[in-house]
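Below: data-v1.cif (mmCIF, C-alpha atoms)
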data_entry
#
loop_
_atom_site.label_atom_id
_atom_site.label_comp_id
_atom_site.auth_asym_id
_atom_site.auth_seq_id
_atom_site.Cartn_x
_atom_site.Cartn_y
_atom_site.Cartn_z
CA MET S 1 -14.08 -16.54 1.48
CA VAL S 2 -14.94 -15.53 5.03
CA PRO S 3 -17.12 -12.62 6.11
CA ALA S 4 -15.55 -9.37 7.23
CA ARG S 5 -17.54 -9.58 10.47
CA SER S 6 -15.43 -11.47 12.99
CA ALA S 7 -14.75 -11.94 16.65
CA ASP S 8 -13.14 -8.51 16.58
CA GLY S 9 -16.53 -6.89 16.05
CA SER S 10 -18.44 -5.27 13.22
CA LEU S 11 -16.61 -2.62 11.24
CA GLY S 12 -19.86 -0.67 10.92
CA ARG S 13 -20.04 -0.20 14.69
CA ASN S 14 -16.49 1.16 14.91
CA ARG S 15 -17.17 4.90 15.44
CA GLU S 16 -13.56 6.01 15.01
CA PHE S 17 -13.21 4.15 11.72
CA ARG S 18 -16.44 5.68 10.39
CA LEU S 19 -15.19 9.18 11.12
CA LEU S 20 -11.75 8.47 9.68
CA TRP S 21 -13.09 6.80 6.55
CA LEU S 22 -15.69 9.49 5.85
CA SER S 23 -13.00 12.15 6.30
CA PHE S 24 -10.76 10.29 3.86
CA THR S 25 -13.62 10.04 1.36
CA MET S 26 -14.11 13.81 1.50
CA SER S 27 -10.37 14.42 1.05
CA VAL S 28 -10.38 12.09 -1.97
CA ALA S 29 -13.23 14.11 -3.46
CA GLY S 30 -11.19 17.28 -3.04
CA ASP S 31 -8.09 15.61 -4.47
CA GLN S 32 -10.02 14.54 -7.59
CA ILE S 33 -11.81 17.83 -8.25
CA PHE S 34 -8.70 19.94 -7.64
CA PRO S 35 -6.60 18.85 -10.67
CA VAL S 36 -9.57 19.21 -13.04
CA THR S 37 -10.16 22.73 -11.75
CA ILE S 38 -6.48 23.60 -12.13
CA THR S 39 -6.33 22.14 -15.67
CA ILE S 40 -9.39 24.00 -16.96
CA ALA S 41 -8.28 27.23 -15.28
CA ALA S 42 -4.85 26.95 -16.94
CA LEU S 43 -6.30 26.20 -20.39
CA ASP S 44 -8.88 28.99 -20.12
CA ALA S 45 -6.00 31.36 -19.37
CA GLY S 46 -4.31 30.42 -22.65
CA GLY S 47 -2.10 27.60 -21.38
CA THR S 48 -1.09 24.57 -23.44
CA ALA S 49 -0.63 20.89 -22.69
CA SER S 50 2.99 21.68 -21.83
CA THR S 51 1.81 24.31 -19.36
CA VAL S 52 -0.50 21.84 -17.66
CA GLY S 53 2.28 19.23 -17.54
CA ALA S 54 4.67 21.71 -15.95
CA ILE S 55 2.06 22.71 -13.36
CA PHE S 56 1.41 19.13 -12.28
CA THR S 57 5.10 18.32 -12.14
CA CYS S 58 5.03 20.54 -9.05
CA ARG S 59 2.97 17.91 -7.23
CA TRP S 60 5.61 15.24 -7.78
CA VAL S 61 8.34 17.62 -6.65
CA ALA S 62 6.42 18.36 -3.44
CA ILE S 63 5.85 14.68 -2.67
CA ILE S 64 9.51 13.82 -3.28
CA VAL S 65 10.65 16.70 -1.05
CA PHE S 66 8.22 16.16 1.82
CA ALA S 67 7.30 12.44 1.84
CA LEU S 68 9.89 11.35 4.42
CA LEU S 69 9.20 14.40 6.60
CA GLY S 70 5.48 13.62 6.42
CA GLY S 71 6.08 10.11 7.70
CA LEU S 72 8.42 11.41 10.40
CA TRP S 73 5.93 13.88 11.85
CA ALA S 74 3.04 11.45 11.54
CA ASP S 75 5.01 9.16 13.88
CA ARG S 76 6.06 11.99 16.22
CA LEU S 77 2.63 13.59 16.65
CA PRO S 78 -0.92 12.25 17.02
CA ARG S 79 -1.98 11.20 13.53
CA ARG S 80 -5.29 13.03 13.85
CA THR S 81 -3.39 16.26 14.55
CA VAL S 82 -1.28 15.81 11.41
CA MET S 83 -4.35 15.11 9.26
CA VAL S 84 -6.30 18.07 10.65
CA ALA S 85 -3.34 20.37 10.03
CA SER S 86 -2.89 19.01 6.49
CA LEU S 87 -6.56 19.43 5.58
CA GLY S 88 -6.62 22.88 7.15
CA PHE S 89 -3.63 23.87 5.04
CA GLN S 90 -5.32 22.50 1.91
CA CYS S 91 -8.43 24.56 2.75
CA CYS S 92 -6.24 27.67 2.81
CA VAL S 93 -4.71 26.74 -0.56
CA ALA S 94 -8.15 26.19 -2.12
CA ALA S 95 -9.29 29.52 -0.70
CA VAL S 96 -6.42 31.26 -2.53
CA GLY S 97 -7.80 29.80 -5.77
CA LEU S 98 -11.06 31.70 -5.16
CA SER S 99 -9.19 34.93 -5.93
CA GLY S 100 -9.59 34.24 -9.66
CA ASP S 101 -5.86 34.63 -10.42
CA THR S 102 -5.01 31.96 -13.04
CA SER S 103 -1.39 32.85 -13.69
CA THR S 104 0.77 29.80 -14.35
CA TRP S 105 3.13 30.47 -11.46
CA LEU S 106 0.26 30.70 -8.96
CA LEU S 107 -1.45 27.54 -10.21
CA GLY S 108 1.88 25.71 -10.02
CA LEU S 109 2.38 26.99 -6.46
CA LEU S 110 -1.10 25.81 -5.45
CA VAL S 111 -0.42 22.35 -6.85
CA PHE S 112 2.93 22.23 -5.02
CA LEU S 113 1.36 23.22 -1.70
CA VAL S 114 -1.49 20.70 -2.00
CA GLY S 115 1.08 18.01 -2.85
CA ALA S 116 3.13 18.97 0.21
CA ALA S 117 0.07 18.67 2.45
CA GLU S 118 -0.76 15.32 0.84
CA ALA S 119 2.73 14.09 1.77
CA PHE S 120 1.84 14.60 5.44
CA HIS S 121 -1.78 13.45 5.25
CA ARG S 122 -1.35 10.08 3.54
CA PRO S 123 1.17 8.45 5.93
CA ALA S 124 -0.81 9.78 8.90
CA TYR S 125 -4.03 8.30 7.51
CA GLN S 126 -2.54 4.86 6.93
CA ALA S 127 -1.01 4.77 10.41
CA CYS S 128 -4.21 6.04 12.06
CA LEU S 129 -6.26 3.49 10.12
CA SER S 130 -4.16 0.73 11.66
CA SER S 131 -4.62 2.11 15.18
CA VAL S 132 -8.42 2.45 15.11
CA LEU S 133 -9.05 -1.05 13.70
CA THR S 134 -8.67 -4.42 15.33
CA PRO S 135 -6.59 -6.97 13.37
CA GLY S 136 -9.76 -8.70 12.17
CA GLN S 137 -11.20 -5.42 10.87
CA ARG S 138 -8.10 -4.28 8.98
CA PRO S 139 -8.76 -6.10 5.67
CA ALA S 140 -12.24 -4.59 5.41
CA GLY S 141 -10.90 -1.18 6.42
CA ALA S 142 -8.17 -1.28 3.79
CA ALA S 143 -10.68 -2.47 1.20
CA LEU S 144 -13.12 0.36 1.97
CA THR S 145 -10.24 2.81 1.61
CA ALA S 146 -9.57 1.36 -1.85
CA VAL S 147 -13.27 1.58 -2.73
CA SER S 148 -13.36 5.26 -1.72
CA TRP S 149 -10.31 5.98 -3.81
CA ARG S 150 -11.66 4.23 -6.89
CA LEU S 151 -15.11 5.78 -6.59
CA GLY S 152 -13.41 9.15 -6.35
CA ALA S 153 -11.41 8.38 -9.48
CA VAL S 154 -14.59 7.49 -11.37
CA ILE S 155 -16.88 10.27 -10.12
CA GLY S 156 -14.53 13.10 -9.14
CA PRO S 157 -13.06 14.14 -12.52
CA GLY S 158 -16.44 14.14 -14.24
CA LEU S 159 -18.07 16.06 -11.40
CA GLY S 160 -15.20 18.54 -11.33
CA ALA S 161 -15.35 19.10 -15.09
CA TYR S 162 -19.12 19.65 -14.93
CA VAL S 163 -18.88 22.13 -12.05
CA VAL S 164 -16.10 24.16 -13.68
CA THR S 165 -17.55 24.24 -17.21
CA ALA S 166 -21.13 24.90 -16.03
CA TRP S 167 -20.08 27.72 -13.70
CA SER S 168 -16.44 28.76 -13.29
CA ALA S 169 -13.05 27.75 -11.96
CA GLY S 170 -13.89 29.74 -8.84
CA ILE S 171 -16.85 27.44 -8.14
CA GLY S 172 -14.51 24.51 -8.69
CA PHE S 173 -12.13 25.83 -6.05
CA PHE S 174 -15.12 26.38 -3.74
CA ALA S 175 -16.10 22.71 -4.21
CA VAL S 176 -12.53 21.66 -3.37
CA LEU S 177 -12.56 23.88 -0.28
CA THR S 178 -15.89 22.41 0.83
CA ALA S 179 -14.63 18.83 0.46
CA TYR S 180 -11.45 19.49 2.42
CA LEU S 181 -13.35 21.38 5.11
CA LEU S 182 -15.84 18.52 5.54
CA GLY S 183 -12.92 16.11 5.84
CA LEU S 184 -11.40 18.28 8.56
CA VAL S 185 -14.66 18.65 10.52
CA LEU S 186 -15.23 14.89 10.49
CA LEU S 187 -11.84 14.34 12.12
CA LEU S 188 -12.45 16.67 15.07
CA PRO S 189 -14.48 14.20 17.20
CA LEU S 190 -12.14 11.29 16.37
CA ARG S 191 -10.59 9.70 19.47
CA GLU S 192 -7.35 8.18 18.29
CA PRO S 193 -5.74 5.41 20.36
CA VAL S 194 -2.44 6.64 21.75
CA VAL S 195 0.71 5.27 20.16
CA ARG S 196 3.67 6.22 22.32
CA PRO S 197 6.76 7.00 20.24
CA GLY S 198 10.20 5.91 21.33
CA PRO S 199 12.75 8.36 22.73
CA ARG S 200 13.00 11.46 20.54
CA ALA S 201 16.10 11.60 18.34
CA SER S 202 17.23 13.79 15.47
CA ALA S 203 15.09 13.86 12.32
CA VAL S 204 17.83 12.08 10.38
CA ARG S 205 18.05 9.33 13.00
CA GLU S 206 14.31 8.80 13.14
CA ILE S 207 13.98 8.70 9.35
CA GLY S 208 16.85 6.20 9.42
CA ASP S 209 14.84 4.06 11.85
CA GLY S 210 12.01 3.93 9.32
CA LEU S 211 14.43 2.92 6.57
CA ALA S 212 15.86 0.26 8.90
CA GLU S 213 12.41 -1.27 9.42
CA VAL S 214 12.19 -1.63 5.64
CA SER S 215 15.67 -3.02 5.06
CA ARG S 216 15.36 -5.62 7.86
CA ARG S 217 12.46 -7.26 6.07
CA ARG S 218 13.47 -8.48 2.63
CA TRP S 219 9.91 -8.86 1.44
CA VAL S 220 9.04 -5.26 2.36
CA LEU S 221 12.11 -3.91 0.59
CA GLY S 222 11.48 -6.21 -2.38
CA VAL S 223 7.88 -5.06 -2.83
CA ILE S 224 8.81 -1.37 -2.57
CA ILE S 225 11.50 -1.80 -5.24
CA ALA S 226 9.19 -3.86 -7.46
CA VAL S 227 6.38 -1.30 -7.28
CA ALA S 228 8.78 1.55 -8.04
CA LEU S 229 10.23 -0.25 -11.07
CA GLN S 230 6.78 -1.21 -12.32
CA GLN S 231 5.69 2.41 -12.01
CA MET S 232 8.58 3.51 -14.23
CA LEU S 233 8.72 0.66 -16.75
CA THR S 234 5.08 -0.40 -17.07
CA ILE S 235 2.50 1.98 -15.63
CA ALA S 236 4.02 5.30 -16.75
CA PRO S 237 4.48 4.27 -20.42
CA ALA S 238 0.93 2.94 -20.50
CA GLN S 239 -0.40 6.24 -19.13
CA VAL S 240 1.42 8.22 -21.81
CA LEU S 241 0.64 5.95 -24.75
CA LEU S 242 -2.99 5.00 -24.06
CA PRO S 243 -4.43 8.28 -25.48
CA LEU S 244 -2.20 7.96 -28.57
CA VAL S 245 -3.29 4.38 -29.21
CA SER S 246 -6.92 5.40 -28.69
CA ARG S 247 -6.71 8.12 -31.35
CA GLU S 248 -4.47 6.42 -33.89
CA THR S 249 -5.93 2.92 -33.72
CA PHE S 250 -9.56 3.51 -32.78
CA GLY S 251 -10.06 7.00 -34.21
CA GLY S 252 -10.91 9.04 -31.12
CA ASP S 253 -10.70 9.48 -27.36
CA ALA S 254 -13.54 7.13 -26.42
CA VAL S 255 -11.28 4.14 -25.77
CA TYR S 256 -8.96 6.33 -23.69
CA GLY S 257 -11.70 7.55 -21.35
CA THR S 258 -13.49 4.22 -21.16
CA ALA S 259 -10.31 2.27 -20.39
CA LEU S 260 -9.43 4.58 -17.48
CA ALA S 261 -12.97 4.33 -16.12
CA LEU S 262 -12.85 0.53 -16.37
CA LEU S 263 -9.50 0.47 -14.56
CA SER S 264 -11.33 2.06 -11.63
CA VAL S 265 -14.26 -0.33 -12.03
CA GLY S 266 -11.83 -3.25 -11.79
CA GLY S 267 -10.30 -1.57 -8.74
CA LEU S 268 -13.72 -1.33 -7.12
CA ALA S 269 -14.22 -5.04 -7.67
CA GLY S 270 -10.77 -5.76 -6.21
CA GLY S 271 -11.56 -3.66 -3.15
CA LEU S 272 -14.85 -5.49 -2.61
CA ILE S 273 -13.10 -8.85 -2.94
CA GLY S 274 -10.49 -7.66 -0.43
CA MET S 275 -13.23 -7.08 2.16
CA ARG S 276 -14.01 -10.79 2.32
CA TRP S 277 -11.03 -12.71 0.98
CA ARG S 278 -8.42 -14.00 3.41
CA PRO S 279 -5.82 -15.82 1.26
CA GLY S 280 -3.64 -18.39 2.97
CA ARG S 281 -0.59 -16.90 1.25
CA PRO S 282 -1.36 -13.18 1.14
CA GLY S 283 2.03 -12.24 -0.32
CA LEU S 284 1.63 -14.58 -3.27
CA ALA S 285 -1.92 -13.32 -3.88
CA ALA S 286 -0.76 -9.70 -3.69
CA ILE S 287 2.23 -10.10 -6.01
CA THR S 288 0.14 -12.02 -8.55
CA GLY S 289 -2.40 -9.20 -8.49
CA LEU S 290 0.33 -6.61 -9.01
CA ALA S 291 1.75 -8.58 -11.95
CA LEU S 292 -1.62 -8.45 -13.71
CA TYR S 293 -0.83 -4.87 -14.77
CA GLY S 294 1.52 -6.40 -17.33
CA VAL S 295 -1.50 -7.12 -19.53
CA VAL S 296 -2.07 -3.38 -20.08
CA PRO S 297 1.03 -2.59 -22.18
CA LEU S 298 0.48 -5.93 -23.92
CA ALA S 299 -3.01 -4.78 -24.95
CA LEU S 300 -1.64 -1.42 -26.14
CA ALA S 301 1.11 -3.08 -28.16
CA TRP S 302 -1.45 -5.29 -29.93
CA PRO S 303 -4.79 -3.43 -29.66
CA VAL S 304 -6.82 -5.99 -31.58
CA SER S 305 -10.13 -4.52 -30.41
CA PRO S 306 -11.53 -2.05 -27.87
CA GLU S 307 -13.02 -4.95 -25.93
CA PHE S 308 -9.59 -6.55 -25.52
CA VAL S 309 -8.15 -3.28 -24.19
CA TYR S 310 -11.10 -2.87 -21.82
CA ALA S 311 -10.76 -6.40 -20.45
CA CYS S 312 -7.07 -5.86 -19.75
CA TYR S 313 -7.73 -2.61 -17.89
CA ILE S 314 -10.41 -4.26 -15.76
CA ALA S 315 -8.00 -7.09 -14.89
CA ALA S 316 -5.25 -4.61 -14.05
CA GLY S 317 -7.51 -2.59 -11.74
CA LEU S 318 -8.73 -5.76 -10.05
CA GLY S 319 -5.16 -6.93 -9.44
CA LEU S 320 -3.91 -3.55 -8.20
CA GLU S 321 -6.49 -3.36 -5.43
CA ILE S 322 -6.08 -7.00 -4.39
CA PHE S 323 -2.39 -6.17 -4.03
CA ALA S 324 -3.07 -2.90 -2.20
CA VAL S 325 -5.38 -4.45 0.41
CA GLN S 326 -3.00 -7.30 1.26
CA TRP S 327 0.02 -4.98 1.28
CA VAL S 328 -1.57 -2.43 3.63
CA VAL S 329 -3.03 -5.02 6.01
CA ASN S 330 0.20 -6.97 6.36
CA LEU S 331 2.33 -3.85 6.78
CA GLN S 332 0.00 -2.86 9.61
CA ARG S 333 0.57 -6.25 11.20
CA GLU S 334 4.34 -6.42 10.72
CA ILE S 335 5.59 -2.88 11.30
CA PRO S 336 5.67 -1.47 14.86
CA PRO S 337 2.86 1.11 15.12
CA GLU S 338 5.21 3.91 16.18
CA ARG S 339 7.16 3.52 12.91
CA LEU S 340 4.35 2.65 10.49
CA ALA S 341 3.94 6.16 9.04
CA ARG S 342 7.65 6.36 8.23
CA VAL S 343 7.59 3.02 6.42
CA THR S 344 4.49 4.11 4.49
CA SER S 345 6.27 7.30 3.45
CA VAL S 346 9.30 5.33 2.20
CA ASP S 347 7.00 3.18 0.07
CA TRP S 348 5.24 6.22 -1.35
CA LEU S 349 8.48 8.13 -1.97
CA ALA S 350 10.00 5.29 -4.00
CA ALA S 351 6.99 5.13 -6.32
CA SER S 352 6.76 8.93 -6.52
CA VAL S 353 10.36 9.26 -7.66
CA MET S 354 10.08 6.64 -10.40
CA THR S 355 6.68 7.68 -11.82
CA PRO S 356 7.70 11.11 -13.20
CA LEU S 357 10.95 9.59 -14.43
CA GLY S 358 8.98 7.03 -16.41
CA LEU S 359 6.58 9.66 -17.75
CA THR S 360 9.50 11.81 -18.88
CA LEU S 361 11.45 9.00 -20.54
CA THR S 362 8.53 7.38 -22.38
CA GLY S 363 8.56 9.83 -25.29
CA PRO S 364 12.31 9.68 -26.03
CA ALA S 365 12.43 5.91 -25.45
CA GLY S 366 9.49 5.30 -27.78
CA ALA S 367 11.12 7.42 -30.49
CA ALA S 368 14.43 5.56 -30.09
CA ILE S 369 13.27 1.93 -30.02
CA GLY S 370 9.68 2.13 -31.29
CA ARG S 371 6.39 2.23 -29.44
CA SER S 372 5.64 -1.48 -29.78
CA THR S 373 9.06 -2.47 -28.47
CA LEU S 374 8.73 -0.11 -25.52
CA LEU S 375 5.31 -1.52 -24.67
CA LEU S 376 6.59 -5.09 -24.97
CA ILE S 377 9.40 -4.25 -22.53
CA GLY S 378 6.79 -2.74 -20.23
CA ALA S 379 4.67 -5.90 -20.41
CA VAL S 380 7.61 -8.17 -19.61
CA ALA S 381 8.68 -5.92 -16.74
CA GLY S 382 5.11 -5.73 -15.49
CA PHE S 383 4.98 -9.50 -15.10
CA ALA S 384 8.59 -10.35 -14.31
CA VAL S 385 9.57 -7.67 -11.79
CA PRO S 386 6.81 -8.43 -9.25
CA MET S 387 7.04 -12.22 -9.70
CA ALA S 388 10.82 -12.15 -9.15
CA THR S 389 10.18 -11.08 -5.56
CA VAL S 390 8.34 -14.34 -4.79
CA PHE S 391 11.67 -15.97 -3.95
CA LEU S 392 12.49 -13.49 -1.19
CA ARG S 393 12.32 -14.70 2.38
CA GLY S 394 8.89 -14.20 3.92
CA MET S 395 7.33 -13.01 0.66
CA SER S 396 4.65 -15.66 0.12
CA ARG S 397 3.05 -14.97 3.49
CA PHE S 398 4.15 -11.34 3.94
CA GLN S 399 5.67 -12.40 7.23
CA SER S 400 9.00 -11.78 8.97
CA ASP S 401 10.82 -13.42 11.85
CA VAL S 402 12.75 -10.32 12.94
CA ALA S 403 12.45 -8.72 16.36
CA PRO S 404 11.17 -5.12 16.33
CA LEU S 405 13.68 -2.32 16.81
CA GLY S 406 13.42 -0.64 20.18
CA GLY S 407 11.56 -3.42 21.95
CA ASP S 408 8.05 -4.82 21.83
CA PRO S 409 5.74 -2.41 20.03
CA THR S 410 2.72 -3.71 21.90
CA ALA S 411 4.29 -2.49 25.12
CA GLU S 412 4.47 1.00 23.66
CA ALA S 413 0.91 1.17 22.31
CA ALA S 414 -1.52 2.28 25.01
CA SER S 415 -5.14 1.27 24.84
CA SER S 416 -6.37 4.57 26.28
CA LEU S 417 -7.96 7.12 23.98
CA ARG S 418 -6.72 10.61 23.23
CA THR S 419 -9.49 13.13 23.72
CA PRO S 420 -10.20 15.61 20.93
#
Just dump the structure as structure tokens.
Amino acid sequence: MVPARSADGSLGRNREFRLLWLSFTMSVAGDQIFPVTITIAALDAGGTASTVGAIFTCRWVAIIVFALLGGLWADRLPRRTVMVASLGFQCCVAAVGLSGDTSTWLLGLLVFLVGAAEAFHRPAYQACLSSVLTPGQRPAGAALTAVSWRLGAVIGPGLGAYVVTAWSAGIGFFAVLTAYLLGLVLLLPLREPVVRPGPRASAVREIGDGLAEVSRRRWVLGVIIAVALQQMLTIAPAQVLLPLVSRETFGGDAVYGTALALLSVGGLAGGLIGMRWRPGRPGLAAITGLALYGVVPLALAWPVSPEFVYACYIAAGLGLEIFAVQWVVNLQREIPPERLARVTSVDWLAASVMTPLGLTLTGPAGAAIGRSTLLLIGAVAGFAVPMATVFLRGMSRFQSDVAPLGGDPTAEAASSLRTP
């Protein structure tokens, strides 16, 4: 363990990081309140669980359609500009919700539009985070991002449900609008270091350059594939079956809600550990953390007690954030800054494609082979798929020996600041 404070300076005194991180925290708050508001609005209008599922499928469709374009434009334009535009667009979408129209088609459209904006915002944020931090500050910056996300996952849904049930869906949309607007305002004074892109080419060619950065590094490609497969085979079945196990085995929804909350608590702990821990083999530490999610389907296949399920969810959350911090920090180090957003979007797209596929197939697969067998397969895949990548070149240290495409990225990254 070494302190996050280093020769690179204190993270707390980094003005640009503070603005970026606070903006991200506000956007997370909006992202967490928004689905609760949509869900309650749909149910109050007479919708069913199938209606809600169809509405939120629109988010996955939007991410799949726009993820690569989001990464492309986050590398072509100043990242702050992309984030401001995305948050401004989300403010407009939330404002439409204030109209009080709760028709299914409109709610689905709102979810689709917010998902499309998210596809531009997330790659831009990750790339901007890398540019405003020194190498020594990046682990703490990535960890604080994880902490914000997990705190939002713990607090946001409950706060959103309280606001909507105590007042109305319109007040919920107003809370979402306020969160997004605060996130936008916080970005306005941000001075983002300039990252000069290479010569402009066609969209297809530039997206291909991002894919090439992935394929040239076996460990990057291996992790992206492993995460996508784990999303489909392990995480998605656990998400679908946890509420069923909670009701059928433990007689209610308490275990369901508590387990999800404890997953975020474990994630908070993993983020805090990531602020201070500098493993000698970051790739091995990250992959081991990712593999810990295999204990979740194992606990659901043999739910011997609520405490056993809770412990497994805490361990899974802890491992996920240890993985996430090391993955983000080492991508920031390895990928040329002018292509980082595109690589981030490839990573996100792969997981986004496989997650809804896993959610859709869980029901039919469980009926065909049995729930316990499906969960056992998920547990084996959860452990084996990530650990199989350990043998890839460069994996244990998350390090490559390839030369960057298009020359030395440090020669293309100016130290001057872009004025707001």
(Q) Using all atoms listed in the file, which protein or nucleic acid residues come within 7 Å of segment 212-220 of chain S? Drop anything in the same chain fewer than 6 positions from it, and give the result as an MDAnalysis selection string. (A) chainID S and resid 343 392:395 398 400
Would you export the selected residues with C-alpha atoms as a compact mmCIF listing (two decimals), in the frame of the given file, please?
# COMPACT_ATOMS: atom_id res chain seq x y z
CA VAL S 343 7.59 3.02 6.42
CA LEU S 392 12.49 -13.49 -1.19
CA ARG S 393 12.32 -14.70 2.38
CA GLY S 394 8.89 -14.20 3.92
CA MET S 395 7.33 -13.01 0.66
CA PHE S 398 4.15 -11.34 3.94
CA SER S 400 9.00 -11.78 8.97
Q: Using atom CA of Met275 of chain S and atom CA of Tyr125 of chain S as the two end points, give the distance in Å to one decimal.
A: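 Pair atom CA of Met275 of chain S / atom CA of Tyr125 of chain S returns 18.7 Å.
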Q | Spatial neighbours of segment 177-186 of chain S, max dist 12 Å, all atoms listed in the file, sep filter under 2 positions, as an NGL selection string | A | :S and (15-34 or 37 or 80-98 or 114 or 117-118 or 121 or 125 or 152 or 156 or 160 or 170-175 or 188-191 or 420)
Q: Can you turn the PyMOL selection byres ((chain S and resi 239) around 10) into a concrete residue list for this file, as a list in words?
A: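 Residues picked by the PyMOL selection byres ((chain S and resi 239) around 10): Thr234, Ile235, Ala236, Pro237, Ala238, Val240, Leu241, Leu242, Pro243, Leu244, Tyr256, Leu260, Val296, Pro297, Gly358, Leu359 and Thr362 of chain S.
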Q: Provide the atom CA of Ile225 of chain S to atom CA of Gly378 of chain S distance in Å, to one decimal place.
A: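 Rounded to one decimal, the two atoms are 15.7 Å apart.
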Q: For atom CA of Leu375 of chain S and atom CA of Gln231 of chain S, determine how far apart the two atoms are, in Å to one decimal place.
A: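 Rounded to one decimal, the two atoms are 13.3 Å apart.
Each of S:Ala365, S:Ala351, S:Leu263, S:Leu77 was checked against Ala316 of chain S using all atoms listed in the file; the smallest atom-to-atom distance is that of S:Leu263.
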Q: Just say which residues the PyMOL selection byres ((chain S and resi 102) around 9) picks in this file, as a count of residues only.
A: 14
Please provide the set of residues having any atom within 12 Å of Val227 of chain S, restricted to all atoms listed in the file, with same-chain residues fewer than 3 positions apart removed, written as a CSV table (one decimal) with C-alpha atoms, keeping the file's coordinate frame.
chain,number,residue,atom,x,y,z
S,220,VAL,CA,9.0,-5.3,2.4
S,221,LEU,CA,12.1,-3.9,0.6
S,222,GLY,CA,11.5,-6.2,-2.4
S,223,VAL,CA,7.9,-5.1,-2.8
S,224,ILE,CA,8.8,-1.4,-2.6
S,230,GLN,CA,6.8,-1.2,-12.3
S,231,GLN,CA,5.7,2.4,-12.0
S,232,MET,CA,8.6,3.5,-14.2
S,233,LEU,CA,8.7,0.7,-16.8
S,234,THR,CA,5.1,-0.4,-17.1
S,235,ILE,CA,2.5,2.0,-15.6
S,236,ALA,CA,4.0,5.3,-16.8
S,286,ALA,CA,-0.8,-9.7,-3.7
S,287,ILE,CA,2.2,-10.1,-6.0
S,289,GLY,CA,-2.4,-9.2,-8.5
S,290,LEU,CA,0.3,-6.6,-9.0
S,291,ALA,CA,1.8,-8.6,-12.0
S,293,TYR,CA,-0.8,-4.9,-14.8
S,320,LEU,CA,-3.9,-3.6,-8.2
S,323,PHE,CA,-2.4,-6.2,-4.0
S,324,ALA,CA,-3.1,-2.9,-2.2
S,327,TRP,CA,0.0,-5.0,1.3
S,346,VAL,CA,9.3,5.3,2.2
S,347,ASP,CA,7.0,3.2,0.1
S,348,TRP,CA,5.2,6.2,-1.4
S,349,LEU,CA,8.5,8.1,-2.0
S,350,ALA,CA,10.0,5.3,-4.0
S,351,ALA,CA,7.0,5.1,-6.3
S,352,SER,CA,6.8,8.9,-6.5
S,353,VAL,CA,10.4,9.3,-7.7
S,354,MET,CA,10.1,6.6,-10.4
S,355,THR,CA,6.7,7.7,-11.8
S,381,ALA,CA,8.7,-5.9,-16.7
S,382,GLY,CA,5.1,-5.7,-15.5
S,383,PHE,CA,5.0,-9.5,-15.1
S,384,ALA,CA,8.6,-10.4,-14.3
S,385,VAL,CA,9.6,-7.7,-11.8
S,386,PRO,CA,6.8,-8.4,-9.2
S,387,MET,CA,7.0,-12.2,-9.7
S,388,ALA,CA,10.8,-12.2,-9.2
S,389,THR,CA,10.2,-11.1,-5.6
(Q) I'd like to see the residues matched by the PyMOL selection byres ((chain S and resi 69) around 9) on this file, and ideally I'd get them as a list of chain:residue names. (A)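 Matching residues under the PyMOL selection byres ((chain S and resi 69) around 9) are S:Val65, S:Phe66, S:Ala67, S:Leu68, S:Gly70, S:Gly71, S:Leu72, S:Trp73, S:Ala74, S:Ala119, S:Phe120, S:Ala203, S:Ile207, S:Arg342, S:Ser345.
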Q: For Thr249 of chain S, work out the shell of residues within 10 Å, counting all atoms listed in the file and skipping chain neighbours fewer than 2 positions away, then give it as a PyMOL selection string.
A: chain S and resi 243-247+251-252+255+300+303-306
Hey, could you make a per-residue contact list for segment 113-198 of chain S against segment 331-338 of chain S with 12 Å as the cut-off, showing the nearest pair of atoms and its distance in Å to one decimal, counting only C-alpha atoms, sorted by chain and number, as a tab-separated table?
residue	atom	partner	partner_atom	distance
S:Pro123	CA	S:Pro337	CA	11.9
S:Ala124	CA	S:Glu338	CA	11.1
S:Gln126	CA	S:Gln332	CA	8.6
S:Ala127	CA	S:Pro337	CA	7.1
S:Cys128	CA	S:Pro337	CA	9.1
S:Leu129	CA	S:Gln332	CA	8.9
S:Ser130	CA	S:Gln332	CA	5.9
S:Ser131	CA	S:Pro337	CA	7.5
S:Val132	CA	S:Pro337	CA	11.4
S:Leu133	CA	S:Gln332	CA	10.1
S:Thr134	CA	S:Arg333	CA	10.3
S:Pro135	CA	S:Arg333	CA	7.5
S:Gly136	CA	S:Arg333	CA	10.7
S:Gln137	CA	S:Gln332	CA	11.6
S:Arg138	CA	S:Gln332	CA	8.2
S:Pro139	CA	S:Gln332	CA	10.1
S:Gly141	CA	S:Gln332	CA	11.5
S:Ala142	CA	S:Gln332	CA	10.2
S:Pro193	CA	S:Pro337	CA	11.0
S:Val194	CA	S:Glu338	CA	9.8
S:Val195	CA	S:Glu338	CA	6.2
S:Arg196	CA	S:Glu338	CA	6.7
S:Pro197	CA	S:Glu338	CA	5.3
S:Gly198	CA	S:Glu338	CA	7.4
Q | Near-Leu284 of chain S list (7 Å; only C-alpha atoms; drop same-chain fewer than 2 positions) as a ChimeraX atom specification | A | /S:281-282,286-288,390,396-397
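Distance check against Gly370 of chain S using only C-alpha atoms: of S:Ala285, S:Ala228, S:Ala301, S:Val325, the minimum falls on S:Ala301.
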Segment 57-68 of chain S: axis-aligned bounding box, 8 Å on each side, centre and edge lengths in Å, one decimal, as JSON:
{"center_x": 6.8, "center_y": 15.9, "center_z": -3.9, "size_x": 23.7, "size_y": 25.2, "size_z": 32.6}
